[in-house]
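Listing of data_32.cif; format and content: mmCIF, N, CA and C atoms and all ligand atoms.
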data_target
loop_
_atom_site.label_atom_id
_atom_site.label_comp_id
_atom_site.auth_asym_id
_atom_site.auth_seq_id
_atom_site.Cartn_x
_atom_site.Cartn_y
_atom_site.Cartn_z
N MET A 1 0.85 -1.21 0.00
CA MET A 1 0.00 0.00 0.00
C MET A 1 0.88 1.25 0.00
N LYS A 2 0.66 2.07 -1.03
CA LYS A 2 1.47 3.29 -1.13
C LYS A 2 0.92 4.37 -0.20
N CYS A 3 1.81 5.00 0.54
CA CYS A 3 1.39 6.05 1.48
C CYS A 3 0.92 7.28 0.72
N PRO A 4 -0.30 7.78 1.02
CA PRO A 4 -0.80 8.97 0.32
C PRO A 4 -0.04 10.24 0.72
N SER A 5 0.67 10.16 1.84
CA SER A 5 1.35 11.36 2.34
C SER A 5 2.78 11.46 1.82
N CYS A 6 3.54 10.37 1.97
CA CYS A 6 4.96 10.46 1.60
C CYS A 6 5.34 9.54 0.44
N GLY A 7 4.41 8.68 0.01
CA GLY A 7 4.68 7.84 -1.14
C GLY A 7 5.43 6.56 -0.83
N ASN A 8 5.74 6.36 0.45
CA ASN A 8 6.47 5.15 0.83
C ASN A 8 5.64 3.90 0.55
N ALA A 9 6.29 2.85 0.04
CA ALA A 9 5.60 1.58 -0.22
C ALA A 9 5.56 0.76 1.05
N ASN A 10 4.34 0.49 1.54
CA ASN A 10 4.16 -0.31 2.74
C ASN A 10 3.51 -1.64 2.37
N SER A 11 3.50 -2.58 3.32
CA SER A 11 2.85 -3.86 3.05
C SER A 11 1.35 -3.65 2.88
N GLU A 12 0.69 -4.57 2.17
CA GLU A 12 -0.73 -4.42 1.86
C GLU A 12 -1.61 -4.42 3.10
N THR A 13 -1.13 -5.02 4.18
CA THR A 13 -1.95 -5.11 5.39
C THR A 13 -1.63 -3.98 6.37
N ALA A 14 -0.69 -3.12 5.98
CA ALA A 14 -0.27 -2.07 6.92
C ALA A 14 -1.41 -1.11 7.21
N ARG A 15 -1.53 -0.70 8.46
CA ARG A 15 -2.55 0.28 8.86
C ARG A 15 -1.95 1.69 8.88
N PHE A 16 -0.64 1.74 9.03
CA PHE A 16 0.06 3.03 9.03
C PHE A 16 1.29 2.95 8.15
N CYS A 17 1.67 4.07 7.60
CA CYS A 17 2.93 4.16 6.87
C CYS A 17 4.08 3.97 7.87
N ILE A 18 4.98 3.06 7.54
CA ILE A 18 6.08 2.83 8.48
C ILE A 18 7.07 3.98 8.48
N ARG A 19 7.03 4.82 7.44
CA ARG A 19 7.96 5.94 7.40
C ARG A 19 7.41 7.16 8.12
N CYS A 20 6.14 7.54 7.85
CA CYS A 20 5.65 8.82 8.39
C CYS A 20 4.47 8.66 9.34
N GLY A 21 3.93 7.46 9.50
CA GLY A 21 2.85 7.25 10.46
C GLY A 21 1.46 7.58 9.97
N THR A 22 1.34 8.03 8.73
CA THR A 22 0.02 8.36 8.19
C THR A 22 -0.85 7.10 8.10
N PRO A 23 -2.12 7.18 8.55
CA PRO A 23 -3.00 6.01 8.40
C PRO A 23 -3.21 5.71 6.92
N ILE A 24 -3.14 4.45 6.55
CA ILE A 24 -3.30 4.08 5.14
C ILE A 24 -4.29 2.93 5.03
N GLY A 25 -4.63 2.57 3.81
CA GLY A 25 -5.56 1.48 3.56
C GLY A 25 -6.93 1.84 4.07
N THR A 26 -7.56 0.92 4.81
CA THR A 26 -8.95 1.12 5.23
C THR A 26 -9.08 2.27 6.22
N VAL A 27 -8.00 2.67 6.87
CA VAL A 27 -8.12 3.72 7.87
C VAL A 27 -7.85 5.10 7.29
N SER A 28 -7.55 5.17 5.99
CA SER A 28 -7.19 6.47 5.43
C SER A 28 -8.38 7.23 4.87
N THR A 29 -9.61 6.65 5.00
CA THR A 29 -10.77 7.31 4.42
C THR A 29 -11.23 8.50 5.25
N GLY A 30 -10.83 8.57 6.50
CA GLY A 30 -11.09 9.76 7.29
C GLY A 30 -12.43 9.78 7.97
N ASN A 31 -13.26 8.72 7.87
CA ASN A 31 -14.53 8.77 8.60
C ASN A 31 -14.31 8.42 10.06
N SER A 32 -15.26 8.82 10.89
CA SER A 32 -15.04 8.74 12.33
C SER A 32 -14.95 7.29 12.82
N GLY A 33 -15.61 6.38 12.10
CA GLY A 33 -15.59 4.98 12.53
C GLY A 33 -14.19 4.43 12.60
N THR A 34 -13.41 4.68 11.54
CA THR A 34 -12.06 4.14 11.53
C THR A 34 -11.22 4.83 12.61
N ARG A 35 -11.52 6.09 12.86
CA ARG A 35 -10.76 6.79 13.88
C ARG A 35 -11.02 6.16 15.25
N ASP A 36 -12.29 5.80 15.52
CA ASP A 36 -12.61 5.16 16.79
C ASP A 36 -11.89 3.83 16.92
N ASP A 37 -11.76 3.11 15.80
CA ASP A 37 -11.07 1.83 15.84
C ASP A 37 -9.64 2.03 16.35
N LEU A 38 -9.11 3.19 16.11
CA LEU A 38 -7.70 3.43 16.42
C LEU A 38 -7.52 4.24 17.70
N ALA A 39 -8.60 4.34 18.49
CA ALA A 39 -8.55 5.18 19.69
C ALA A 39 -7.45 4.73 20.63
N SER A 40 -7.13 3.45 20.61
CA SER A 40 -6.14 2.97 21.57
C SER A 40 -4.74 2.92 20.96
N SER A 41 -4.57 3.44 19.75
CA SER A 41 -3.26 3.38 19.11
C SER A 41 -2.33 4.44 19.67
N ASP A 42 -1.10 4.42 19.22
CA ASP A 42 -0.11 5.39 19.68
C ASP A 42 -0.21 6.72 18.95
N PHE A 43 -1.18 6.84 18.07
CA PHE A 43 -1.26 8.04 17.24
C PHE A 43 -2.26 9.05 17.76
N VAL A 44 -1.97 10.31 17.51
CA VAL A 44 -2.90 11.39 17.81
C VAL A 44 -3.40 11.93 16.48
N TYR A 45 -4.72 11.97 16.31
CA TYR A 45 -5.29 12.42 15.04
C TYR A 45 -5.83 13.83 15.14
N PRO A 46 -5.78 14.57 14.04
CA PRO A 46 -6.38 15.91 14.05
C PRO A 46 -7.88 15.82 14.26
N ARG A 47 -8.41 16.74 15.04
CA ARG A 47 -9.87 16.80 15.22
C ARG A 47 -10.48 17.37 13.96
N ASN A 48 -11.77 17.16 13.81
CA ASN A 48 -12.50 17.73 12.68
C ASN A 48 -13.59 18.64 13.20
N PRO A 49 -13.50 19.98 13.10
CA PRO A 49 -12.43 20.72 12.43
C PRO A 49 -11.14 20.70 13.24
N PRO A 50 -10.01 20.97 12.56
CA PRO A 50 -8.73 20.98 13.27
C PRO A 50 -8.72 22.02 14.38
N LEU A 51 -8.03 21.71 15.45
CA LEU A 51 -7.90 22.65 16.58
C LEU A 51 -6.95 23.78 16.20
N SER A 52 -7.18 24.93 16.83
CA SER A 52 -6.33 26.09 16.56
C SER A 52 -4.93 25.89 17.13
N VAL A 53 -3.94 26.39 16.40
CA VAL A 53 -2.57 26.34 16.92
C VAL A 53 -2.43 27.24 18.14
N HIS A 54 -3.36 28.21 18.27
CA HIS A 54 -3.23 29.19 19.37
C HIS A 54 -3.64 28.62 20.72
N ILE A 55 -4.05 27.34 20.73
CA ILE A 55 -4.25 26.65 22.01
C ILE A 55 -2.95 26.65 22.81
N CYS A 56 -1.83 26.80 22.09
CA CYS A 56 -0.51 26.79 22.75
C CYS A 56 -0.42 27.81 23.87
N TRP A 57 -1.12 28.93 23.74
CA TRP A 57 -1.01 29.99 24.76
C TRP A 57 -1.57 29.56 26.11
N LEU A 58 -2.43 28.55 26.10
CA LEU A 58 -2.95 28.02 27.37
C LEU A 58 -1.82 27.55 28.28
N ASN A 59 -0.72 27.13 27.64
CA ASN A 59 0.40 26.61 28.43
C ASN A 59 1.00 27.68 29.34
N LEU A 60 0.77 28.96 29.01
CA LEU A 60 1.27 30.03 29.88
C LEU A 60 0.56 29.98 31.23
N PHE A 61 -0.67 29.43 31.24
CA PHE A 61 -1.44 29.38 32.49
C PHE A 61 -1.37 28.00 33.13
N LEU A 62 -1.32 26.97 32.29
CA LEU A 62 -1.23 25.60 32.80
C LEU A 62 -0.31 24.81 31.88
N GLY A 63 0.86 24.50 32.37
CA GLY A 63 1.84 23.80 31.55
C GLY A 63 1.30 22.49 31.00
N GLY A 64 1.51 22.26 29.71
CA GLY A 64 1.10 21.01 29.08
C GLY A 64 -0.36 20.96 28.69
N ALA A 65 -1.15 22.01 29.03
CA ALA A 65 -2.59 21.99 28.73
C ALA A 65 -2.84 21.84 27.24
N ALA A 66 -2.08 22.57 26.42
CA ALA A 66 -2.29 22.50 24.97
C ALA A 66 -1.99 21.10 24.45
N GLN A 67 -0.93 20.48 24.96
CA GLN A 67 -0.62 19.11 24.53
C GLN A 67 -1.76 18.17 24.88
N MET A 68 -2.32 18.34 26.08
CA MET A 68 -3.43 17.48 26.50
C MET A 68 -4.64 17.69 25.60
N ILE A 69 -4.97 18.95 25.30
CA ILE A 69 -6.12 19.24 24.44
C ILE A 69 -5.89 18.70 23.04
N HIS A 70 -4.66 18.78 22.57
CA HIS A 70 -4.33 18.24 21.24
C HIS A 70 -4.34 16.72 21.22
N GLY A 71 -4.40 16.09 22.38
CA GLY A 71 -4.50 14.64 22.43
C GLY A 71 -3.28 13.94 22.99
N GLN A 72 -2.20 14.68 23.22
CA GLN A 72 -1.01 14.08 23.82
C GLN A 72 -1.13 14.22 25.34
N VAL A 73 -2.07 13.45 25.90
CA VAL A 73 -2.41 13.64 27.32
C VAL A 73 -1.23 13.28 28.22
N ALA A 74 -0.61 12.15 27.97
CA ALA A 74 0.50 11.73 28.84
C ALA A 74 1.64 12.73 28.78
N LYS A 75 1.94 13.20 27.56
CA LYS A 75 3.02 14.16 27.41
C LYS A 75 2.68 15.48 28.11
N GLY A 76 1.42 15.91 27.97
CA GLY A 76 0.98 17.13 28.64
C GLY A 76 1.11 17.02 30.14
N LEU A 77 0.71 15.86 30.68
CA LEU A 77 0.83 15.65 32.12
C LEU A 77 2.30 15.64 32.55
N ALA A 78 3.16 15.07 31.70
CA ALA A 78 4.59 15.04 32.01
C ALA A 78 5.15 16.46 32.07
N ILE A 79 4.73 17.31 31.12
CA ILE A 79 5.18 18.70 31.11
C ILE A 79 4.70 19.41 32.37
N LEU A 80 3.42 19.19 32.70
CA LEU A 80 2.85 19.81 33.90
C LEU A 80 3.62 19.36 35.14
N GLY A 81 3.88 18.07 35.22
CA GLY A 81 4.63 17.53 36.35
C GLY A 81 6.03 18.11 36.44
N ALA A 82 6.69 18.24 35.29
CA ALA A 82 8.04 18.80 35.26
C ALA A 82 8.01 20.25 35.73
N MET A 83 6.96 20.99 35.32
CA MET A 83 6.86 22.40 35.73
C MET A 83 6.61 22.51 37.23
N ILE A 84 5.71 21.66 37.76
CA ILE A 84 5.43 21.70 39.20
C ILE A 84 6.70 21.35 39.98
N LEU A 85 7.40 20.31 39.53
CA LEU A 85 8.63 19.91 40.21
C LEU A 85 9.67 21.03 40.20
N SER A 86 9.85 21.66 39.03
CA SER A 86 10.87 22.71 38.95
C SER A 86 10.46 23.92 39.78
N ASN A 87 9.13 24.17 39.90
CA ASN A 87 8.67 25.26 40.76
C ASN A 87 8.96 24.96 42.21
N LEU A 88 8.81 23.70 42.60
CA LEU A 88 9.09 23.33 43.98
C LEU A 88 10.57 23.40 44.28
N MET A 89 11.38 23.06 43.26
CA MET A 89 12.81 22.97 43.49
C MET A 89 13.52 24.31 43.40
N LEU A 90 12.94 25.26 42.69
CA LEU A 90 13.61 26.55 42.49
C LEU A 90 13.96 27.23 43.82
N PRO A 91 13.02 27.30 44.79
CA PRO A 91 13.39 27.92 46.06
C PRO A 91 14.57 27.21 46.72
N ALA A 92 14.61 25.88 46.61
CA ALA A 92 15.71 25.13 47.20
C ALA A 92 17.03 25.49 46.52
N ILE A 93 17.01 25.60 45.19
CA ILE A 93 18.22 25.96 44.45
C ILE A 93 18.68 27.36 44.85
N LEU A 94 17.70 28.26 45.01
CA LEU A 94 18.00 29.63 45.43
C LEU A 94 18.63 29.64 46.81
N ALA A 95 18.06 28.85 47.72
CA ALA A 95 18.58 28.79 49.09
C ALA A 95 20.01 28.25 49.10
N ILE A 96 20.27 27.23 48.28
CA ILE A 96 21.62 26.67 48.20
C ILE A 96 22.59 27.72 47.68
N ALA A 97 22.17 28.49 46.66
CA ALA A 97 23.02 29.53 46.08
C ALA A 97 23.35 30.60 47.11
N ILE A 98 22.32 31.02 47.88
CA ILE A 98 22.54 32.02 48.92
C ILE A 98 23.49 31.48 49.99
N ASN A 99 23.29 30.21 50.34
CA ASN A 99 24.12 29.57 51.34
C ASN A 99 25.58 29.53 50.91
N ILE A 100 25.83 29.13 49.66
CA ILE A 100 27.21 29.08 49.15
C ILE A 100 27.82 30.48 49.15
N ALA A 101 27.02 31.47 48.71
CA ALA A 101 27.51 32.85 48.70
C ALA A 101 27.84 33.31 50.11
N SER A 102 27.03 32.88 51.08
CA SER A 102 27.27 33.31 52.47
C SER A 102 28.54 32.66 53.03
N VAL A 103 28.84 31.45 52.59
CA VAL A 103 30.08 30.79 53.02
C VAL A 103 31.29 31.55 52.47
N ILE A 104 31.22 31.89 51.17
CA ILE A 104 32.32 32.64 50.54
C ILE A 104 32.49 33.99 51.23
N ASP A 105 31.34 34.65 51.49
CA ASP A 105 31.37 35.96 52.15
C ASP A 105 32.00 35.85 53.54
N ALA A 106 31.59 34.83 54.30
CA ALA A 106 32.11 34.68 55.66
C ALA A 106 33.61 34.37 55.65
N TYR A 107 34.04 33.55 54.70
CA TYR A 107 35.46 33.21 54.59
C TYR A 107 36.28 34.46 54.31
N ASN A 108 35.85 35.24 53.31
CA ASN A 108 36.59 36.44 52.94
C ASN A 108 36.51 37.52 54.02
N LEU A 109 35.36 37.58 54.69
CA LEU A 109 35.21 38.52 55.81
C LEU A 109 36.20 38.19 56.92
N GLY A 110 36.25 36.90 57.28
CA GLY A 110 37.19 36.46 58.32
C GLY A 110 38.63 36.75 57.94
N LYS A 111 38.95 36.50 56.66
CA LYS A 111 40.31 36.74 56.18
C LYS A 111 40.67 38.22 56.30
N THR A 112 39.71 39.09 55.92
CA THR A 112 39.94 40.53 55.97
C THR A 112 40.15 41.00 57.41
N LEU A 113 39.29 40.53 58.32
CA LEU A 113 39.40 40.92 59.72
C LEU A 113 40.70 40.39 60.34
N LYS A 114 41.07 39.16 59.96
CA LYS A 114 42.29 38.54 60.50
C LYS A 114 43.53 39.32 60.09
N SER A 115 43.43 39.96 58.91
CA SER A 115 44.59 40.72 58.44
C SER A 115 44.67 42.10 59.11
N GLY A 116 43.72 42.36 60.04
CA GLY A 116 43.79 43.58 60.83
C GLY A 116 43.02 44.75 60.26
N LYS A 117 42.27 44.52 59.15
CA LYS A 117 41.52 45.62 58.54
C LYS A 117 40.12 45.73 59.15
N ALA A 118 39.61 46.96 59.26
CA ALA A 118 38.24 47.19 59.69
C ALA A 118 37.31 47.05 58.49
N VAL A 119 36.09 46.60 58.75
CA VAL A 119 35.09 46.52 57.67
C VAL A 119 33.81 47.21 58.09
N LYS A 120 33.04 47.67 57.10
CA LYS A 120 31.74 48.26 57.41
C LYS A 120 30.74 47.15 57.71
N LYS A 121 29.66 47.51 58.45
CA LYS A 121 28.72 46.49 58.91
C LYS A 121 28.01 45.74 57.78
N TRP A 122 27.84 46.40 56.59
CA TRP A 122 27.12 45.75 55.50
C TRP A 122 28.03 45.46 54.30
N ASP A 123 29.32 45.46 54.48
CA ASP A 123 30.22 45.10 53.38
C ASP A 123 30.05 43.62 53.03
N PHE A 124 30.07 43.35 51.71
CA PHE A 124 30.04 41.96 51.27
C PHE A 124 31.41 41.58 50.73
N PHE A 125 31.74 40.33 50.86
CA PHE A 125 33.07 39.86 50.51
C PHE A 125 32.99 38.65 49.59
N LEU A 126 32.32 38.85 48.46
CA LEU A 126 32.12 37.72 47.56
C LEU A 126 33.27 37.52 46.59
N SER A 127 34.21 38.46 46.56
CA SER A 127 35.34 38.23 45.65
C SER A 127 36.66 38.33 46.41
ZN ZN B 1 4.21 7.92 4.61
#

Can you dump the structure from the file as structure tokens?
Amino acid sequence: MKCPSCGNANSETARFCIRCGTPIGTVSTGNSGTRDDLASSDFVYPRNPPLSVHICWLNLFLGGAAQMIHGQVAKGLAILGAMILSNLMLPAILAIAINIASVIDAYNLGKTLKSGKAVKKWDFFLS
């Protein structure tokens, strides 16, 4: 079966083009029945009418929402999870950075005082 999308020659029983994933043969007619047959497949099909590309802006409010609406539910949830995780971890990373800076500051402060120099109360010693 020749792929209508890319022209690749597939086996006669193939349901999808092995090169580009386009449904072929009995599933390429585009009626809803064949689409339902494939509901459990690994493929995401365009809705009829096609969804707007501007669904992407939803991701500004909820990470992965557009992927979920487009049908990539697991991927959308993974993006959302990654965003929640990174939001939780950012304060920790910030705290670690402040802590490291405070160690460097304290070391250099001690060194300066040990050398007999006076310092102002809010001087920082990061270099
Ligand atoms: Zn193809």

*asked:* From the options A:Asn59, A:Thr22, A:Ser115, A:Asn48, which residue's atoms come nearest to ligand ZN 1 (chain B), counting only C-alpha atoms and all ligand atoms?
replied: A:Thr22

For the contact check between chain A and ligand ZN 1 (chain B), emit one row per residue of chain A within 6 Å, containing the shortest atom pair and the distance in Å rounded to one decimal, counting only N, CA and C atoms and all ligand atoms, chain then rising number order, as a tab-separated table.
residue	atom	partner	partner_atom	distance
A:Cys3	CA	B:ZN1	ZN	4.6
A:Pro4	N	B:ZN1	ZN	5.8
A:Ser5	C	B:ZN1	ZN	4.7
A:Cys6	N	B:ZN1	ZN	3.7
A:Gly7	N	B:ZN1	ZN	4.7
A:Asn8	N	B:ZN1	ZN	4.7
A:Cys17	CA	B:ZN1	ZN	4.6
A:Ile18	N	B:ZN1	ZN	5.7
A:Arg19	C	B:ZN1	ZN	4.8
A:Cys20	N	B:ZN1	ZN	3.8
A:Gly21	N	B:ZN1	ZN	4.9
A:Thr22	N	B:ZN1	ZN	5.0

*Separation of atom N of A:Tyr45 from atom N of A:Gln72 in Å*: 7.8 Å

*Pick out the closest residue to A:Leu126 from this set: A:Leu113, A:Val103, A:Ala82, A:Leu94. Count all atoms listed in the file.*
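Checking each candidate against A:Leu126, we get A:Val103 as the closest.
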
_As an exercise, work out the distance from atom C of A:Leu62 to atom CA of A:Pro50 in Å and give it to one decimal place._
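Between atom C of A:Leu62 and atom CA of A:Pro50 the gap is 20.8 Å.
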
*Could you pull out the alpha helix (DSSP H) residues of chain A from DSSP and send them as a PyMOL selection string?*
chain A and resi 32-37+65-70+73-114

*Pick from A:Lys120, A:Ala65, A:Phe125, A:Ile98: nearest to A:Leu77, with all atoms listed in the file counted?*
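Nearest candidate to A:Leu77 out of A:Lys120, A:Ala65, A:Phe125, A:Ile98: A:Ala65.
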
*One-decimal distance in Å that lies between atom CA of A:Ile100 and atom C of A:Ala118*: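 Atom-to-atom, atom C of A:Ala118 and atom CA of A:Ile100 are spaced 22.6 Å apart.
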
Output requested as an mmCIF file, in the coordinates of the input - stretch 44-66 of chain A, filled out with N, CA, C and O atoms.
data_model
loop_
_atom_site.group_PDB
_atom_site.id
_atom_site.type_symbol
_atom_site.label_atom_id
_atom_site.label_comp_id
_atom_site.auth_asym_id
_atom_site.auth_seq_id
_atom_site.Cartn_x
_atom_site.Cartn_y
_atom_site.Cartn_z
ATOM 1 N N VAL A 44 -1.970 10.310 17.510
ATOM 2 C CA VAL A 44 -2.900 11.390 17.810
ATOM 3 C C VAL A 44 -3.400 11.930 16.480
ATOM 4 O O VAL A 44 -2.600 12.284 15.606
ATOM 5 N N TYR A 45 -4.720 11.970 16.310
ATOM 6 C CA TYR A 45 -5.290 12.420 15.040
ATOM 7 C C TYR A 45 -5.830 13.830 15.140
ATOM 8 O O TYR A 45 -6.288 14.254 16.192
ATOM 9 N N PRO A 46 -5.780 14.570 14.040
ATOM 10 C CA PRO A 46 -6.380 15.910 14.050
ATOM 11 C C PRO A 46 -7.880 15.820 14.260
ATOM 12 O O PRO A 46 -8.528 14.927 13.743
ATOM 13 N N ARG A 47 -8.410 16.740 15.040
ATOM 14 C CA ARG A 47 -9.870 16.800 15.220
ATOM 15 C C ARG A 47 -10.480 17.370 13.960
ATOM 16 O O ARG A 47 -9.816 18.011 13.146
ATOM 17 N N ASN A 48 -11.770 17.160 13.810
ATOM 18 C CA ASN A 48 -12.500 17.730 12.680
ATOM 19 C C ASN A 48 -13.590 18.640 13.200
ATOM 20 O O ASN A 48 -14.584 18.163 13.728
ATOM 21 N N PRO A 49 -13.500 19.980 13.100
ATOM 22 C CA PRO A 49 -12.430 20.720 12.430
ATOM 23 C C PRO A 49 -11.140 20.700 13.240
ATOM 24 O O PRO A 49 -11.183 20.483 14.438
ATOM 25 N N PRO A 50 -10.010 20.970 12.560
ATOM 26 C CA PRO A 50 -8.730 20.980 13.270
ATOM 27 C C PRO A 50 -8.720 22.020 14.380
ATOM 28 O O PRO A 50 -9.322 23.085 14.262
ATOM 29 N N LEU A 51 -8.030 21.710 15.450
ATOM 30 C CA LEU A 51 -7.900 22.650 16.580
ATOM 31 C C LEU A 51 -6.950 23.780 16.200
ATOM 32 O O LEU A 51 -6.056 23.615 15.395
ATOM 33 N N SER A 52 -7.180 24.930 16.830
ATOM 34 C CA SER A 52 -6.330 26.090 16.560
ATOM 35 C C SER A 52 -4.930 25.890 17.130
ATOM 36 O O SER A 52 -4.754 25.320 18.208
ATOM 37 N N VAL A 53 -3.940 26.390 16.400
ATOM 38 C CA VAL A 53 -2.570 26.340 16.920
ATOM 39 C C VAL A 53 -2.430 27.240 18.140
ATOM 40 O O VAL A 53 -1.512 27.059 18.950
ATOM 41 N N HIS A 54 -3.360 28.210 18.270
ATOM 42 C CA HIS A 54 -3.230 29.190 19.370
ATOM 43 C C HIS A 54 -3.640 28.620 20.720
ATOM 44 O O HIS A 54 -3.542 29.313 21.733
ATOM 45 N N ILE A 55 -4.050 27.340 20.730
ATOM 46 C CA ILE A 55 -4.250 26.650 22.010
ATOM 47 C C ILE A 55 -2.950 26.650 22.810
ATOM 48 O O ILE A 55 -2.951 26.594 24.028
ATOM 49 N N CYS A 56 -1.830 26.800 22.090
ATOM 50 C CA CYS A 56 -0.510 26.790 22.750
ATOM 51 C C CYS A 56 -0.420 27.810 23.870
ATOM 52 O O CYS A 56 0.272 27.578 24.872
ATOM 53 N N TRP A 57 -1.120 28.930 23.740
ATOM 54 C CA TRP A 57 -1.010 29.990 24.760
ATOM 55 C C TRP A 57 -1.570 29.560 26.110
ATOM 56 O O TRP A 57 -1.240 30.140 27.132
ATOM 57 N N LEU A 58 -2.430 28.550 26.100
ATOM 58 C CA LEU A 58 -2.950 28.020 27.370
ATOM 59 C C LEU A 58 -1.820 27.550 28.280
ATOM 60 O O LEU A 58 -1.938 27.571 29.495
ATOM 61 N N ASN A 59 -0.720 27.130 27.640
ATOM 62 C CA ASN A 59 0.400 26.610 28.430
ATOM 63 C C ASN A 59 1.000 27.680 29.340
ATOM 64 O O ASN A 59 1.680 27.343 30.300
ATOM 65 N N LEU A 60 0.770 28.960 29.010
ATOM 66 C CA LEU A 60 1.270 30.030 29.880
ATOM 67 C C LEU A 60 0.560 29.980 31.230
ATOM 68 O O LEU A 60 1.118 30.421 32.229
ATOM 69 N N PHE A 61 -0.670 29.430 31.240
ATOM 70 C CA PHE A 61 -1.440 29.380 32.490
ATOM 71 C C PHE A 61 -1.370 28.000 33.130
ATOM 72 O O PHE A 61 -1.382 27.862 34.338
ATOM 73 N N LEU A 62 -1.320 26.970 32.290
ATOM 74 C CA LEU A 62 -1.230 25.600 32.800
ATOM 75 C C LEU A 62 -0.310 24.810 31.880
ATOM 76 O O LEU A 62 -0.676 24.526 30.730
ATOM 77 N N GLY A 63 0.860 24.500 32.370
ATOM 78 C CA GLY A 63 1.840 23.800 31.550
ATOM 79 C C GLY A 63 1.300 22.490 31.000
ATOM 80 O O GLY A 63 0.683 21.707 31.717
ATOM 81 N N GLY A 64 1.510 22.260 29.710
ATOM 82 C CA GLY A 64 1.100 21.010 29.080
ATOM 83 C C GLY A 64 -0.360 20.960 28.690
ATOM 84 O O GLY A 64 -0.803 19.984 28.081
ATOM 85 N N ALA A 65 -1.150 22.010 29.030
ATOM 86 C CA ALA A 65 -2.590 21.990 28.730
ATOM 87 C C ALA A 65 -2.840 21.840 27.240
ATOM 88 O O ALA A 65 -3.708 21.063 26.819
ATOM 89 N N ALA A 66 -2.080 22.570 26.420
ATOM 90 C CA ALA A 66 -2.290 22.500 24.970
ATOM 91 C C ALA A 66 -1.990 21.100 24.450
ATOM 92 O O ALA A 66 -2.707 20.589 23.588
#
